[in-house]
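What follows is a set of notes on a single structure, which appears directly below.
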Amino acid sequence: MFRYTPTSLQKLEQLYREGDYVVRYEKGNFKSGYCILQDMKVVVINKYFDTESRINSLLDILSQIELDESKLSEKSAEFLEQVKEARVKN
């Protein structure tokens, strides 16, 4: 079971860092609440989002981008598998 906690948010942010993506929280006019700059590997999320909304945005983005899983630490790779399993169940 996936839980929406600040710790889960930190783990997701770490996952992105290890995959060479930068996660930024900024003000902007995003219709979906986030923006992906593919070429620069930057993800921008609405800074006014609460923890759950930030996690949901990062999970949505995760399904749209290609993370190089060979760069992930063992811990992050396990977390990624948990996230994928939780998404399949929902």
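Labeling convention for the structure tokens: chains A, B, ... as they appear, residues from 1 per chain, ligands from 1 in order of appearance.
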
Non-local contacts of stretch 41-50 of chain A (8 Å; only C-alpha atoms; under 4 positions in same chain excluded) as a PDB file with all heavy atoms, in the first residue's frame:
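As a result, result_7.pdb now contains:
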ATOM      1  N   ASP A  20      18.449  11.733 -12.873  1.00  0.00           N
ATOM      2  CA  ASP A  20      18.952  12.957 -13.507  1.00  0.00           C
ATOM      3  C   ASP A  20      17.878  13.991 -13.821  1.00  0.00           C
ATOM      4  O   ASP A  20      18.036  14.799 -14.734  1.00  0.00           O
ATOM      5  CB  ASP A  20      19.752  12.640 -14.792  1.00  0.00           C
ATOM      6  CG  ASP A  20      21.049  11.922 -14.479  1.00  0.00           C
ATOM      7  OD1 ASP A  20      21.583  12.130 -13.373  1.00  0.00           O
ATOM      8  OD2 ASP A  20      21.518  11.156 -15.332  1.00  0.00           O
ATOM      9  N   TYR A  21      16.779  13.968 -13.091  1.00  0.00           N
ATOM     10  CA  TYR A  21      15.746  14.989 -13.246  1.00  0.00           C
ATOM     11  C   TYR A  21      15.810  15.953 -12.067  1.00  0.00           C
ATOM     12  O   TYR A  21      16.161  15.573 -10.956  1.00  0.00           O
ATOM     13  CB  TYR A  21      14.339  14.368 -13.296  1.00  0.00           C
ATOM     14  CG  TYR A  21      13.931  13.927 -14.673  1.00  0.00           C
ATOM     15  CD1 TYR A  21      14.362  12.706 -15.179  1.00  0.00           C
ATOM     16  CD2 TYR A  21      13.132  14.722 -15.481  1.00  0.00           C
ATOM     17  CE1 TYR A  21      13.999  12.296 -16.452  1.00  0.00           C
ATOM     18  CE2 TYR A  21      12.767  14.322 -16.752  1.00  0.00           C
ATOM     19  CZ  TYR A  21      13.200  13.113 -17.231  1.00  0.00           C
ATOM     20  OH  TYR A  21      12.841  12.724 -18.493  1.00  0.00           O
ATOM     21  N   VAL A  22      15.481  17.206 -12.331  1.00  0.00           N
ATOM     22  CA  VAL A  22      15.423  18.221 -11.291  1.00  0.00           C
ATOM     23  C   VAL A  22      13.951  18.492 -11.010  1.00  0.00           C
ATOM     24  O   VAL A  22      13.172  18.734 -11.936  1.00  0.00           O
ATOM     25  CB  VAL A  22      16.111  19.529 -11.751  1.00  0.00           C
ATOM     26  CG1 VAL A  22      15.950  20.625 -10.720  1.00  0.00           C
ATOM     27  CG2 VAL A  22      17.575  19.269 -12.053  1.00  0.00           C
ATOM     28  N   VAL A  23      13.565  18.435  -9.729  1.00  0.00           N
ATOM     29  CA  VAL A  23      12.187  18.744  -9.337  1.00  0.00           C
ATOM     30  C   VAL A  23      12.192  20.119  -8.694  1.00  0.00           C
ATOM     31  O   VAL A  23      12.942  20.370  -7.755  1.00  0.00           O
ATOM     32  CB  VAL A  23      11.641  17.693  -8.339  1.00  0.00           C
ATOM     33  CG1 VAL A  23      10.244  18.077  -7.879  1.00  0.00           C
ATOM     34  CG2 VAL A  23      11.641  16.308  -8.950  1.00  0.00           C
ATOM     35  N   ARG A  24      11.366  21.007  -9.246  1.00  0.00           N
ATOM     36  CA  ARG A  24      11.260  22.362  -8.706  1.00  0.00           C
ATOM     37  C   ARG A  24       9.806  22.655  -8.374  1.00  0.00           C
ATOM     38  O   ARG A  24       8.900  22.208  -9.067  1.00  0.00           O
ATOM     39  CB  ARG A  24      11.781  23.385  -9.715  1.00  0.00           C
ATOM     40  CG  ARG A  24      13.249  23.211  -9.972  1.00  0.00           C
ATOM     41  CD  ARG A  24      13.904  24.205 -10.875  1.00  0.00           C
ATOM     42  NE  ARG A  24      13.083  25.221 -11.488  1.00  0.00           N
ATOM     43  CZ  ARG A  24      13.381  25.833 -12.618  1.00  0.00           C
ATOM     44  NH1 ARG A  24      14.474  25.510 -13.271  1.00  0.00           N
ATOM     45  NH2 ARG A  24      12.600  26.763 -13.113  1.00  0.00           N
ATOM     46  N   TYR A  25       9.602  23.426  -7.311  1.00  0.00           N
ATOM     47  CA  TYR A  25       8.264  23.862  -6.919  1.00  0.00           C
ATOM     48  C   TYR A  25       8.206  25.370  -7.123  1.00  0.00           C
ATOM     49  O   TYR A  25       8.896  26.122  -6.446  1.00  0.00           O
ATOM     50  CB  TYR A  25       7.990  23.502  -5.455  1.00  0.00           C
ATOM     51  CG  TYR A  25       8.042  22.009  -5.217  1.00  0.00           C
ATOM     52  CD1 TYR A  25       9.162  21.406  -4.673  1.00  0.00           C
ATOM     53  CD2 TYR A  25       6.960  21.210  -5.570  1.00  0.00           C
ATOM     54  CE1 TYR A  25       9.210  20.043  -4.480  1.00  0.00           C
ATOM     55  CE2 TYR A  25       7.003  19.846  -5.378  1.00  0.00           C
ATOM     56  CZ  TYR A  25       8.124  19.268  -4.832  1.00  0.00           C
ATOM     57  OH  TYR A  25       8.175  17.911  -4.650  1.00  0.00           O
ATOM     58  N   GLU A  26       7.393  25.773  -8.092  1.00  0.00           N
ATOM     59  CA  GLU A  26       7.315  27.193  -8.430  1.00  0.00           C
ATOM     60  C   GLU A  26       5.891  27.593  -8.755  1.00  0.00           C
ATOM     61  O   GLU A  26       5.033  26.762  -9.015  1.00  0.00           O
ATOM     62  CB  GLU A  26       8.231  27.498  -9.619  1.00  0.00           C
ATOM     63  CG  GLU A  26       9.689  27.266  -9.311  1.00  0.00           C
ATOM     64  CD  GLU A  26      10.610  27.715 -10.415  1.00  0.00           C
ATOM     65  OE1 GLU A  26      10.152  28.423 -11.338  1.00  0.00           O
ATOM     66  OE2 GLU A  26      11.789  27.354 -10.349  1.00  0.00           O
ATOM     67  N   LYS A  27       5.685  28.912  -8.784  1.00  0.00           N
ATOM     68  CA  LYS A  27       4.393  29.477  -9.154  1.00  0.00           C
ATOM     69  C   LYS A  27       4.307  29.498 -10.674  1.00  0.00           C
ATOM     70  O   LYS A  27       5.293  29.775 -11.354  1.00  0.00           O
ATOM     71  CB  LYS A  27       4.303  30.896  -8.594  1.00  0.00           C
ATOM     72  CG  LYS A  27       2.958  31.532  -8.707  1.00  0.00           C
ATOM     73  CD  LYS A  27       2.903  32.787  -7.880  1.00  0.00           C
ATOM     74  CE  LYS A  27       3.753  33.876  -8.521  1.00  0.00           C
ATOM     75  NZ  LYS A  27       3.563  35.190  -7.902  1.00  0.00           N
ATOM     76  N   GLY A  28       3.140  29.174 -11.207  1.00  0.00           N
ATOM     77  CA  GLY A  28       2.993  29.224 -12.651  1.00  0.00           C
ATOM     78  C   GLY A  28       1.561  28.941 -13.072  1.00  0.00           C
ATOM     79  O   GLY A  28       0.721  28.584 -12.258  1.00  0.00           O
ATOM     80  N   PHE A  30      -0.029  26.432 -14.733  1.00  0.00           N
ATOM     81  CA  PHE A  30      -0.054  25.079 -15.262  1.00  0.00           C
ATOM     82  C   PHE A  30      -1.479  24.574 -15.180  1.00  0.00           C
ATOM     83  O   PHE A  30      -2.054  24.516 -14.106  1.00  0.00           O
ATOM     84  CB  PHE A  30       0.830  24.133 -14.441  1.00  0.00           C
ATOM     85  CG  PHE A  30       2.135  24.720 -13.988  1.00  0.00           C
ATOM     86  CD1 PHE A  30       2.428  24.856 -12.654  1.00  0.00           C
ATOM     87  CD2 PHE A  30       3.084  25.117 -14.914  1.00  0.00           C
ATOM     88  CE1 PHE A  30       3.631  25.370 -12.229  1.00  0.00           C
ATOM     89  CE2 PHE A  30       4.295  25.637 -14.499  1.00  0.00           C
ATOM     90  CZ  PHE A  30       4.571  25.767 -13.154  1.00  0.00           C
ATOM     91  N   GLY A  33      -1.220  21.467 -13.201  1.00  0.00           N
ATOM     92  CA  GLY A  33      -0.546  21.617 -11.920  1.00  0.00           C
ATOM     93  C   GLY A  33       0.944  21.343 -11.997  1.00  0.00           C
ATOM     94  O   GLY A  33       1.653  21.491 -11.016  1.00  0.00           O
ATOM     95  N   TYR A  34       1.403  20.937 -13.180  1.00  0.00           N
ATOM     96  CA  TYR A  34       2.835  20.699 -13.346  1.00  0.00           C
ATOM     97  C   TYR A  34       3.244  20.891 -14.793  1.00  0.00           C
ATOM     98  O   TYR A  34       2.403  20.995 -15.679  1.00  0.00           O
ATOM     99  CB  TYR A  34       3.229  19.296 -12.884  1.00  0.00           C
ATOM    100  CG  TYR A  34       2.560  18.160 -13.628  1.00  0.00           C
ATOM    101  CD1 TYR A  34       3.050  17.718 -14.856  1.00  0.00           C
ATOM    102  CD2 TYR A  34       1.457  17.516 -13.100  1.00  0.00           C
ATOM    103  CE1 TYR A  34       2.443  16.673 -15.540  1.00  0.00           C
ATOM    104  CE2 TYR A  34       0.849  16.473 -13.772  1.00  0.00           C
ATOM    105  CZ  TYR A  34       1.353  16.050 -14.988  1.00  0.00           C
ATOM    106  OH  TYR A  34       0.754  15.012 -15.650  1.00  0.00           O
ATOM    107  N   CYS A  35       4.543  20.942 -15.001  1.00  0.00           N
ATOM    108  CA  CYS A  35       5.097  21.141 -16.331  1.00  0.00           C
ATOM    109  C   CYS A  35       6.362  20.282 -16.433  1.00  0.00           C
ATOM    110  O   CYS A  35       7.134  20.201 -15.482  1.00  0.00           O
ATOM    111  CB  CYS A  35       5.441  22.618 -16.503  1.00  0.00           C
ATOM    112  SG  CYS A  35       6.286  23.017 -18.034  1.00  0.00           S
ATOM    113  N   ILE A  36       6.561  19.649 -17.586  1.00  0.00           N
ATOM    114  CA  ILE A  36       7.746  18.820 -17.800  1.00  0.00           C
ATOM    115  C   ILE A  36       8.577  19.456 -18.917  1.00  0.00           C
ATOM    116  O   ILE A  36       8.071  19.680 -20.007  1.00  0.00           O
ATOM    117  CB  ILE A  36       7.369  17.392 -18.229  1.00  0.00           C
ATOM    118  CG1 ILE A  36       6.389  16.764 -17.255  1.00  0.00           C
ATOM    119  CG2 ILE A  36       8.616  16.521 -18.370  1.00  0.00           C
ATOM    120  CD1 ILE A  36       5.763  15.477 -17.760  1.00  0.00           C
ATOM    121  N   LEU A  37       9.829  19.733 -18.615  1.00  0.00           N
ATOM    122  CA  LEU A  37      10.755  20.231 -19.624  1.00  0.00           C
ATOM    123  C   LEU A  37      11.669  19.058 -19.977  1.00  0.00           C
ATOM    124  O   LEU A  37      12.718  18.870 -19.359  1.00  0.00           O
ATOM    125  CB  LEU A  37      11.555  21.423 -19.089  1.00  0.00           C
ATOM    126  CG  LEU A  37      10.712  22.581 -18.538  1.00  0.00           C
ATOM    127  CD1 LEU A  37      11.585  23.615 -17.856  1.00  0.00           C
ATOM    128  CD2 LEU A  37       9.895  23.212 -19.650  1.00  0.00           C
ATOM    129  N   ARG A  54       1.304  17.061  -4.564  1.00  0.00           N
ATOM    130  CA  ARG A  54       2.667  16.983  -5.093  1.00  0.00           C
ATOM    131  C   ARG A  54       3.012  15.538  -5.453  1.00  0.00           C
ATOM    132  O   ARG A  54       3.586  15.271  -6.507  1.00  0.00           O
ATOM    133  CB  ARG A  54       3.675  17.518  -4.076  1.00  0.00           C
ATOM    134  CG  ARG A  54       3.611  19.019  -3.917  1.00  0.00           C
ATOM    135  CD  ARG A  54       4.593  19.524  -2.894  1.00  0.00           C
ATOM    136  NE  ARG A  54       4.505  20.987  -2.809  1.00  0.00           N
ATOM    137  CZ  ARG A  54       5.435  21.744  -2.249  1.00  0.00           C
ATOM    138  NH1 ARG A  54       6.508  21.210  -1.718  1.00  0.00           N
ATOM    139  NH2 ARG A  54       5.281  23.046  -2.221  1.00  0.00           N
ATOM    140  N   SER A  57       1.155  14.465  -8.579  1.00  0.00           N
ATOM    141  CA  SER A  57       1.777  15.045  -9.769  1.00  0.00           C
ATOM    142  C   SER A  57       3.037  14.278 -10.150  1.00  0.00           C
ATOM    143  O   SER A  57       3.244  13.941 -11.317  1.00  0.00           O
ATOM    144  CB  SER A  57       2.128  16.518  -9.534  1.00  0.00           C
ATOM    145  OG  SER A  57       0.965  17.283  -9.381  1.00  0.00           O
TER     146      SER A  57
END

> When you draw a straight line from atom CA of A:Phe2 to atom CA of A:Leu58, how long is it in Å?
Replying inline: 13.5 Å

> Where does DSSP see helix (DSSP H, G or I) in chain A, if you list the residues as a VMD selection string?
Replying inline: chain A and resid 6 to 18 51 to 62 69 to 71 74 to 89

>> Between atom CA of A:Ser70 and atom CA of A:Glu85, what is the distance in Å, rounded to a tenth?
In response: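 Between atom CA of A:Ser70 and atom CA of A:Glu85 the gap is 19.0 Å.
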
> What lies within 12 Å of A:Val88 using only C-alpha atoms, ignoring chain neighbours under 3 positions off, as a list in words?
Replying inline: Met1, Phe2, Ser63, Glu81, Gln82, Val83, Lys84 and Glu85 of chain A

Where does stretch 56-83 of chain A meet stretch 3-13 of chain A within 10 Å, residue by residue, with the nearest atom pair and distance in Å to one decimal for each, counting only C-alpha atoms, listed by chain and rising number, as JSON lines?
{"residue": "A:Asn56", "atom": "CA", "partner": "A:Tyr4", "partner_atom": "CA", "distance": 8.8}
{"residue": "A:Leu58", "atom": "CA", "partner": "A:Leu12", "partner_atom": "CA", "distance": 7.2}
{"residue": "A:Leu59", "atom": "CA", "partner": "A:Leu12", "partner_atom": "CA", "distance": 8.2}
{"residue": "A:Leu62", "atom": "CA", "partner": "A:Leu12", "partner_atom": "CA", "distance": 9.4}
{"residue": "A:Lys75", "atom": "CA", "partner": "A:Lys11", "partner_atom": "CA", "distance": 9.3}
{"residue": "A:Ser76", "atom": "CA", "partner": "A:Lys11", "partner_atom": "CA", "distance": 7.4}
{"residue": "A:Phe79", "atom": "CA", "partner": "A:Lys11", "partner_atom": "CA", "distance": 7.6}
{"residue": "A:Leu80", "atom": "CA", "partner": "A:Leu12", "partner_atom": "CA", "distance": 8.3}
{"residue": "A:Val83", "atom": "CA", "partner": "A:Leu12", "partner_atom": "CA", "distance": 9.2}

Expected file: the selected residues, N, CA and C atoms, as an mmCIF file, in the first residue's frame:
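Once everything was written out, this is part_31.cif:
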data_model
loop_
_atom_site.group_PDB
_atom_site.id
_atom_site.type_symbol
_atom_site.label_atom_id
_atom_site.label_comp_id
_atom_site.auth_asym_id
_atom_site.auth_seq_id
_atom_site.Cartn_x
_atom_site.Cartn_y
_atom_site.Cartn_z
ATOM 1 N N ASN A 56 0.885 13.082 -6.151
ATOM 2 C CA ASN A 56 0.083 12.687 -7.313
ATOM 3 C C ASN A 56 0.677 13.230 -8.611
ATOM 4 N N LEU A 58 3.879 13.984 -9.166
ATOM 5 C CA LEU A 58 5.116 13.250 -9.441
ATOM 6 C C LEU A 58 4.819 11.844 -9.963
ATOM 7 N N LEU A 59 3.759 11.225 -9.449
ATOM 8 C CA LEU A 59 3.370 9.895 -9.934
ATOM 9 C C LEU A 59 2.865 9.966 -11.374
ATOM 10 N N LEU A 62 5.810 10.432 -13.607
ATOM 11 C CA LEU A 62 6.615 9.206 -13.673
ATOM 12 C C LEU A 62 6.151 8.284 -14.788
ATOM 13 N N LYS A 75 17.832 0.992 -3.090
ATOM 14 C CA LYS A 75 16.674 1.458 -2.323
ATOM 15 C C LYS A 75 15.648 2.153 -3.222
ATOM 16 N N SER A 76 16.136 3.009 -4.106
ATOM 17 C CA SER A 76 15.246 3.737 -5.010
ATOM 18 C C SER A 76 14.594 2.797 -6.015
ATOM 19 N N PHE A 79 11.795 1.127 -4.284
ATOM 20 C CA PHE A 79 10.687 2.071 -4.113
ATOM 21 C C PHE A 79 9.930 2.246 -5.427
ATOM 22 N N LEU A 80 10.653 2.326 -6.530
ATOM 23 C CA LEU A 80 10.024 2.457 -7.844
ATOM 24 C C LEU A 80 9.128 1.252 -8.129
ATOM 25 N N VAL A 83 5.963 1.580 -6.143
ATOM 26 C CA VAL A 83 5.098 2.593 -6.759
ATOM 27 C C VAL A 83 4.373 1.995 -7.958
#

> Expressed in Å to a single decimal, how great is the separation between atom CA of A:Ile61 and atom CA of A:Glu78?
Replying inline: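 Interatomic distance, atom CA of A:Ile61 to atom CA of A:Glu78: 18.4 Å.
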
>> List as a PyMOL selection string the protein and nucleic acid residues near A:Asp68, meaning an atom at most 8 Å away when only C-alpha atoms are counted, but skip any in the same chain fewer than 3 places from it.
In response: chain A and resi 19+71-72

Now that the selection is made, can you save its residues with N, CA, C and O atoms as a PDB file, in the first residue's frame?
ATOM      1  N   GLY A  19      17.556   9.770 -11.253  1.00  0.00           N
ATOM      2  CA  GLY A  19      17.281   9.613 -12.679  1.00  0.00           C
ATOM      3  C   GLY A  19      17.663  10.843 -13.479  1.00  0.00           C
ATOM      4  O   GLY A  19      17.239  11.017 -14.617  1.00  0.00           O
ATOM      5  N   LYS A  71      20.674   3.773 -13.163  1.00  0.00           N
ATOM      6  CA  LYS A  71      21.315   4.796 -12.331  1.00  0.00           C
ATOM      7  C   LYS A  71      20.765   4.821 -10.909  1.00  0.00           C
ATOM      8  O   LYS A  71      21.323   5.482 -10.043  1.00  0.00           O
ATOM      9  N   LEU A  72      19.669   4.106 -10.673  1.00  0.00           N
ATOM     10  CA  LEU A  72      19.017   4.157  -9.372  1.00  0.00           C
ATOM     11  C   LEU A  72      19.746   3.306  -8.346  1.00  0.00           C
ATOM     12  O   LEU A  72      20.259   2.237  -8.661  1.00  0.00           O
TER      13      LEU A  72
END

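Of the residues in stretch 11-72 of chain A, those that DSSP places in strand (DSSP E) on the basis of the backbone are Val22, Val23, Arg24, Tyr25, Glu26, Tyr34, Cys35, Ile36, Leu37, Val42, Val43, Val44, Ile45 and Asn46 of chain A.
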
> Which one of A:Gln14, A:Gln38, A:Thr51, A:Ser32 sits closest to A:Ile65 if you count only C-alpha atoms?
Replying inline: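 For A:Ile65, the nearest of the given residues is A:Gln38.
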